[in-house]
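Here the structure is laid out as structure tokens; the discussion comes afterwards.
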Amino acid sequence: NYPLYIRSVPTENELKFHYTVHTSLDVVDEKISAMGKALVDQRELYLGLLYPTEDYKVYGYVTNSKVKFVMVVDSSNTALRDNEIRSMFRKLHNSYTDIMCNPFYNPGDRIHSRAFDNMVNSMMMQV
Amino acid sequence: DSHLFWQSRELFVLTYGALVAQLCKDYEKDEDVNTCLDRMGYGIGVRLIDDFLARSAVKKCRSYSETADMIAQVAFKMYLGVTPSVSCSSAAGNQFSLILDKNPLVDFVEELPAERASLCYCNLLCGVIRGALEMVHLAAEVTFLQDKLRGDAVTEIGITFLRKAEDRKHKRN
């Protein structure tokens, strides 16, 4: 359960973000086991708001291949709607599958991809 | 024809990628991987030509220029779904350059790994063209003159038609 890719903006509180993300993994696992059989048919699991903290809202998304995406958003950002979050996760998922298709990428490696960086950057700029 | 290609395109592109990745594990030097790809391509080309001739039902090419056009506009289109542009690069009329704007084989390869800087990722294509031409009695040298994956501005395949052995015999008479 180590991160393949982690990016935050602004970068001062990076360690705090790392911590937030790591603790949210437990919530993700809880949610997955809670959903159980009901969602065995669905290809993707948008987990929605995992938990709100003092300053942040944390959203989760997990694929059938057990790859977890976690998004931490400033609580003050109330403009961000649920469907926007969903589409961001979808973009992340699509970019991730592109990386998986790179013959030189070994599953489990950290992700070093300019295309992925650009996509993440542009998403974070929009928020 | 090209519609059928698109249905299995991802599997094909991923298979090619797996092939190159495996060769990279088998051979330490880039040149060895490149040579292997070329040889494999050659084996494919000598067989593919019959499929191509049967499916395209084209007339015999009367010049090197027609042959180069055929490769770019019919063969590439049929097998890869793309049409490189062709230009003649020698006054003698035996050297041609194919510029590939799009290349499905490299769709998922963002860039070459740092330790594989001289890898000619698509070298299989050179072997295919060379093998196919040989089966229609045209000897040619085919190489990648430029490669976007290696940092060049464009991806360019150079085809140089060589004098056939029969021509030389003819001249002696």
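Naming scheme: A, B, ... for chains in displayed order of the structure tokens; residues 1 onward per chain; ligands 1 onward as shown.
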
What are the closest atom pairs, with distances in Å to one decimal, for each residue of stretch 10-109 of chain B lying within 6 Å of stretch 102-122 of chain A, using only C-alpha atoms, rows by chain and rising residue number, as a tab-separated table?
```
residue	atom	partner	partner_atom	distance
B:Gly17	CA	A:Pro103	CA	4.9
B:Ala18	CA	A:Pro103	CA	5.7
B:Ala21	CA	A:Pro103	CA	5.9
B:Phe108	CA	A:Asn102	CA	4.9
B:Val109	CA	A:Asn102	CA	5.1
```

Proximity check chain B to chain A, 10 Å, nearest pairs one decimal Å, only C-alpha atoms, as a Markdown table:
```
| residue | atom | partner | partner_atom | distance |
| --- | --- | --- | --- | --- |
| B:Glu10 | CA | A:Cys101 | CA | 9.1 |
| B:Val13 | CA | A:Cys101 | CA | 9.0 |
| B:Leu14 | CA | A:Cys101 | CA | 6.7 |
| B:Thr15 | CA | A:Pro103 | CA | 8.9 |
| B:Tyr16 | CA | A:Pro103 | CA | 8.6 |
| B:Gly17 | CA | A:Pro103 | CA | 4.9 |
| B:Ala18 | CA | A:Pro103 | CA | 5.7 |
| B:Leu19 | CA | A:Pro103 | CA | 8.7 |
| B:Val20 | CA | A:Pro103 | CA | 7.7 |
| B:Ala21 | CA | A:Pro103 | CA | 5.9 |
| B:Gln22 | CA | A:Pro103 | CA | 9.1 |
| B:Cys24 | CA | A:Phe104 | CA | 9.3 |
| B:Val106 | CA | A:Asn102 | CA | 8.9 |
| B:Asp107 | CA | A:Asn102 | CA | 8.5 |
| B:Phe108 | CA | A:Asn102 | CA | 4.9 |
| B:Val109 | CA | A:Asn102 | CA | 5.1 |
| B:Glu110 | CA | A:Asn102 | CA | 7.4 |
| B:Glu111 | CA | A:Ser113 | CA | 8.8 |
| B:Leu112 | CA | A:Phe104 | CA | 8.0 |
| B:Pro113 | CA | A:Phe104 | CA | 7.2 |
```

Using the selection just defined, write its residues with C-alpha atoms as an mmCIF file, in the first residue's frame.
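As written to disk, part20.cif reads:
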```cif
data_model
loop_
_atom_site.group_PDB
_atom_site.id
_atom_site.type_symbol
_atom_site.label_atom_id
_atom_site.label_comp_id
_atom_site.auth_asym_id
_atom_site.auth_seq_id
_atom_site.Cartn_x
_atom_site.Cartn_y
_atom_site.Cartn_z
ATOM 1 C CA GLU B 10 -4.884 -2.325 -28.935
ATOM 2 C CA VAL B 13 0.050 -2.482 -30.199
ATOM 3 C CA LEU B 14 0.363 -4.038 -26.747
ATOM 4 C CA THR B 15 1.771 -7.238 -28.256
ATOM 5 C CA TYR B 16 4.375 -5.265 -30.158
ATOM 6 C CA GLY B 17 5.281 -3.393 -26.991
ATOM 7 C CA ALA B 18 5.616 -6.641 -25.071
ATOM 8 C CA LEU B 19 7.884 -7.951 -27.804
ATOM 9 C CA VAL B 20 10.187 -4.949 -27.618
ATOM 10 C CA ALA B 21 10.186 -4.976 -23.817
ATOM 11 C CA GLN B 22 11.114 -8.655 -23.802
ATOM 12 C CA CYS B 24 15.208 -5.345 -24.058
ATOM 13 C CA VAL B 106 4.198 3.962 -30.331
ATOM 14 C CA ASP B 107 0.827 5.139 -29.055
ATOM 15 C CA PHE B 108 1.461 4.116 -25.473
ATOM 16 C CA VAL B 109 5.198 4.710 -25.400
ATOM 17 C CA GLU B 110 5.691 8.191 -24.074
ATOM 18 C CA GLU B 111 9.443 8.126 -24.360
ATOM 19 C CA LEU B 112 12.262 5.625 -24.395
ATOM 20 C CA PRO B 113 13.695 4.632 -21.020
#
```

> Do you have the atom CA of B:Ile159-atom CA of B:Phe12 distance handy?
Replying inline: 24.8 Å

>> Give me the residues near B:Ser97 as a ChimeraX atom specification, where near means some atom within 9 Å (using only C-alpha atoms) and where sequence neighbours in that chain fewer than 3 positions away do not count.
In response: /B:68,85-89,145,156-160

> Which residues come within 12 Å of A:Asp82, counting only C-alpha atoms, excluding same-chain residues fewer than 2 positions away, as a VMD selection string?
Replying inline: chain A and resid 46 to 49 57 59 to 60 78 to 80 84 to 89

Serialized selection, C-alpha atoms, as a tab-separated table (two decimals), in the first residue's frame:
```
chain	number	residue	atom	x	y	z
A	46	TYR	CA	-16.50	5.96	-6.82
A	47	LEU	CA	-16.37	6.09	-3.08
A	48	GLY	CA	-17.37	9.71	-2.68
A	49	LEU	CA	-16.48	11.77	0.32
A	57	LYS	CA	-12.43	16.97	2.18
A	59	TYR	CA	-12.53	11.73	-1.86
A	60	GLY	CA	-11.79	8.19	-2.89
A	78	THR	CA	-17.50	24.68	-2.06
A	79	ALA	CA	-17.85	25.23	-5.78
A	80	LEU	CA	-16.56	21.77	-6.60
A	84	GLU	CA	-16.80	17.27	-11.30
A	85	ILE	CA	-14.99	15.11	-8.80
A	86	ARG	CA	-16.27	12.02	-10.57
A	87	SER	CA	-15.00	13.25	-13.93
A	88	MET	CA	-11.60	14.08	-12.43
A	89	PHE	CA	-11.33	10.56	-11.10
```

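One finds atom CA of A:Met71 at 15.5 Å from atom CA of A:Glu54.
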
>> Residues near B:Gly131, anyone? I mean within 10 Å using only C-alpha atoms, not counting same-chain ones fewer than 4 positions away, as a PyMOL selection string.
In response: chain B and resi 38-49+125-127+135-140+142

Write out the residues from the selection above, keeping C-alpha atoms, as a PDB file, in the first residue's frame.
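Dumped everything to selection_3.pdb:
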```
ATOM      1  CA  ASP B  38      14.945  -5.990 -38.096  1.00  0.00           C
ATOM      2  CA  ARG B  39      15.446  -9.715 -38.533  1.00  0.00           C
ATOM      3  CA  MET B  40      11.997 -10.506 -37.177  1.00  0.00           C
ATOM      4  CA  GLY B  41      10.537  -7.890 -39.445  1.00  0.00           C
ATOM      5  CA  TYR B  42      12.281  -9.458 -42.396  1.00  0.00           C
ATOM      6  CA  GLY B  43      10.714 -12.809 -41.577  1.00  0.00           C
ATOM      7  CA  ILE B  44       7.307 -11.141 -41.459  1.00  0.00           C
ATOM      8  CA  GLY B  45       7.863  -9.155 -44.645  1.00  0.00           C
ATOM      9  CA  VAL B  46       8.737 -12.121 -46.849  1.00  0.00           C
ATOM     10  CA  ARG B  47       5.436 -13.685 -45.815  1.00  0.00           C
ATOM     11  CA  LEU B  48       3.285 -10.594 -45.628  1.00  0.00           C
ATOM     12  CA  ILE B  49       3.952  -9.613 -49.224  1.00  0.00           C
ATOM     13  CA  LEU B 125       8.937  -2.081 -39.809  1.00  0.00           C
ATOM     14  CA  CYS B 126      12.249  -1.675 -41.647  1.00  0.00           C
ATOM     15  CA  GLY B 127      12.705  -5.427 -41.774  1.00  0.00           C
ATOM     16  CA  MET B 135      10.166 -11.103 -52.540  1.00  0.00           C
ATOM     17  CA  VAL B 136       9.242  -8.927 -55.493  1.00  0.00           C
ATOM     18  CA  HIS B 137      12.873  -8.880 -56.558  1.00  0.00           C
ATOM     19  CA  LEU B 138      13.736  -5.449 -55.315  1.00  0.00           C
ATOM     20  CA  ALA B 139      16.780  -5.161 -53.094  1.00  0.00           C
ATOM     21  CA  ALA B 140      16.629  -2.245 -50.719  1.00  0.00           C
ATOM     22  CA  VAL B 142      15.545   0.420 -45.130  1.00  0.00           C
TER      23      VAL B 142
END
```

> With only C-alpha atoms as the atoms that count, which of B:Phe161, B:Thr35, B:Leu133, B:Ser90 lies nearest to B:Leu53?
Replying inline: B:Leu133

>> DSSP on the backbone, strand (DSSP E) only: what residues of stretch 46-76 of chain A does that give? Format it as a PyMOL selection string.
In response: chain A and resi 46-52+56-63+68-74

>> Would you pick out the contacts of B:Ser63 at 12 Å or less, using only C-alpha atoms, so that residues sharing its chain but fewer than 3 positions from it are not included, and give the list as a ChimeraX atom specification?
In response: /B:59-60,66-70,93-95,138,161

With C-alpha atoms retained, write the just-selected residues as a PDB file, in the first residue's frame.
```
ATOM      1  CA  LYS B  59      -0.662  -3.801 -60.773  1.00  0.00           C
ATOM      2  CA  LYS B  60       3.061  -4.286 -60.990  1.00  0.00           C
ATOM      3  CA  GLU B  66       5.527   3.954 -57.780  1.00  0.00           C
ATOM      4  CA  THR B  67       6.806   1.298 -55.392  1.00  0.00           C
ATOM      5  CA  ALA B  68       7.478   3.836 -52.667  1.00  0.00           C
ATOM      6  CA  ASP B  69       4.017   5.322 -53.136  1.00  0.00           C
ATOM      7  CA  MET B  70       2.521   1.850 -52.964  1.00  0.00           C
ATOM      8  CA  GLY B  93      15.531   8.400 -58.176  1.00  0.00           C
ATOM      9  CA  ASN B  94      16.346   5.445 -55.989  1.00  0.00           C
ATOM     10  CA  GLN B  95      16.145   6.950 -52.515  1.00  0.00           C
ATOM     11  CA  LEU B 138      13.736  -5.449 -55.315  1.00  0.00           C
ATOM     12  CA  PHE B 161      16.650   0.798 -53.766  1.00  0.00           C
TER      13      PHE B 161
END
```

>> as a ChimeraX atom specification, please: the residues near A:Val21 (cut-off 12 Å, only C-alpha atoms, same-chain neighbours under 2 positions excluded).
In response: /A:1-3,5-8,14-19,23-28,50-51,53,56-60,68-73

Please, could you write that set of residues out with N, CA and C atoms as a CSV table (one decimal), in the first residue's frame?
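Final output, saved to out.csv:
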```csv
chain,number,residue,atom,x,y,z
A,1,ASN,N,0.8,-1.2,0.0
A,1,ASN,CA,0.0,0.0,0.0
A,1,ASN,C,0.9,1.3,0.0
A,2,TYR,N,1.7,1.4,-1.0
A,2,TYR,CA,2.5,2.5,-1.1
A,2,TYR,C,2.1,3.4,-2.3
A,3,PRO,N,2.3,4.7,-2.3
A,3,PRO,CA,1.8,5.5,-3.4
A,3,PRO,C,2.7,5.3,-4.6
A,5,TYR,N,2.0,7.5,-7.1
A,5,TYR,CA,2.1,8.9,-7.6
A,5,TYR,C,1.5,9.8,-6.5
A,6,ILE,N,2.2,10.8,-6.2
A,6,ILE,CA,1.5,11.8,-5.2
A,6,ILE,C,2.0,13.2,-5.6
A,7,ARG,N,1.0,14.1,-5.7
A,7,ARG,CA,1.3,15.4,-6.1
A,7,ARG,C,0.4,16.4,-5.3
A,8,SER,N,0.9,17.5,-4.9
A,8,SER,CA,0.1,18.4,-4.1
A,8,SER,C,0.5,19.8,-4.5
A,14,GLU,N,3.3,19.4,2.0
A,14,GLU,CA,3.3,18.1,1.4
A,14,GLU,C,3.2,16.9,2.4
A,15,LEU,N,4.0,17.0,3.5
A,15,LEU,CA,4.0,15.9,4.4
A,15,LEU,C,2.6,15.7,5.0
A,16,LYS,N,1.9,16.8,5.3
A,16,LYS,CA,0.6,16.7,5.8
A,16,LYS,C,-0.4,16.0,4.9
A,17,PHE,N,-0.2,16.3,3.6
A,17,PHE,CA,-1.0,15.6,2.6
A,17,PHE,C,-0.7,14.2,2.5
A,18,HIS,N,0.6,13.8,2.6
A,18,HIS,CA,1.0,12.4,2.6
A,18,HIS,C,0.3,11.7,3.7
A,19,TYR,N,0.3,12.3,4.9
A,19,TYR,CA,-0.3,11.7,6.1
A,19,TYR,C,-1.8,11.5,5.9
A,23,THR,N,-3.8,8.0,5.9
A,23,THR,CA,-4.9,7.6,6.8
A,23,THR,C,-6.2,7.3,6.1
A,24,SER,N,-6.4,8.0,5.0
A,24,SER,CA,-7.7,7.8,4.3
A,24,SER,C,-7.7,6.4,3.7
A,25,LEU,N,-6.6,5.8,3.5
A,25,LEU,CA,-6.6,4.4,2.9
A,25,LEU,C,-7.4,3.5,3.8
A,26,ASP,N,-7.3,3.7,5.1
A,26,ASP,CA,-8.1,2.8,6.0
A,26,ASP,C,-9.6,2.9,5.7
A,27,VAL,N,-10.0,4.2,5.5
A,27,VAL,CA,-11.4,4.4,5.2
A,27,VAL,C,-11.8,3.8,3.9
A,28,VAL,N,-10.9,3.9,2.9
A,28,VAL,CA,-11.2,3.2,1.6
A,28,VAL,C,-11.4,1.8,1.8
A,50,LEU,N,-14.8,10.6,1.6
A,50,LEU,CA,-14.4,9.6,2.6
A,50,LEU,C,-14.6,10.1,4.0
A,51,TYR,N,-14.1,11.3,4.2
A,51,TYR,CA,-14.3,11.9,5.5
A,51,TYR,C,-13.9,13.3,5.5
A,53,THR,N,-12.2,16.5,7.2
A,53,THR,CA,-11.3,16.9,8.3
A,53,THR,C,-11.5,18.3,8.6
A,56,TYR,N,-9.9,19.9,5.2
A,56,TYR,CA,-10.0,19.2,3.9
A,56,TYR,C,-11.2,18.3,3.8
A,57,LYS,N,-11.5,18.0,2.5
A,57,LYS,CA,-12.4,17.0,2.2
A,57,LYS,C,-11.6,15.9,1.4
A,58,VAL,N,-11.8,14.7,1.7
A,58,VAL,CA,-11.1,13.7,1.1
A,58,VAL,C,-12.0,12.7,0.3
A,59,TYR,N,-11.7,12.6,-1.0
A,59,TYR,CA,-12.5,11.7,-1.9
A,59,TYR,C,-11.8,10.5,-2.3
A,60,GLY,N,-12.5,9.4,-2.5
A,60,GLY,CA,-11.8,8.2,-2.9
A,60,GLY,C,-12.4,7.5,-4.1
A,68,LYS,N,-6.1,2.5,-6.0
A,68,LYS,CA,-6.9,3.5,-5.3
A,68,LYS,C,-6.4,4.9,-5.6
A,69,PHE,N,-7.4,5.7,-5.9
A,69,PHE,CA,-7.1,7.1,-6.1
A,69,PHE,C,-7.7,7.9,-5.0
A,70,VAL,N,-6.9,8.8,-4.5
A,70,VAL,CA,-7.4,9.6,-3.4
A,70,VAL,C,-7.2,11.1,-3.7
A,71,MET,N,-8.2,11.9,-3.5
A,71,MET,CA,-8.1,13.3,-3.8
A,71,MET,C,-8.5,14.1,-2.5
A,72,VAL,N,-7.6,15.1,-2.2
A,72,VAL,CA,-7.7,15.9,-1.0
A,72,VAL,C,-8.0,17.3,-1.5
A,73,VAL,N,-9.2,17.8,-1.1
A,73,VAL,CA,-9.6,19.2,-1.6
A,73,VAL,C,-9.8,20.1,-0.4
```
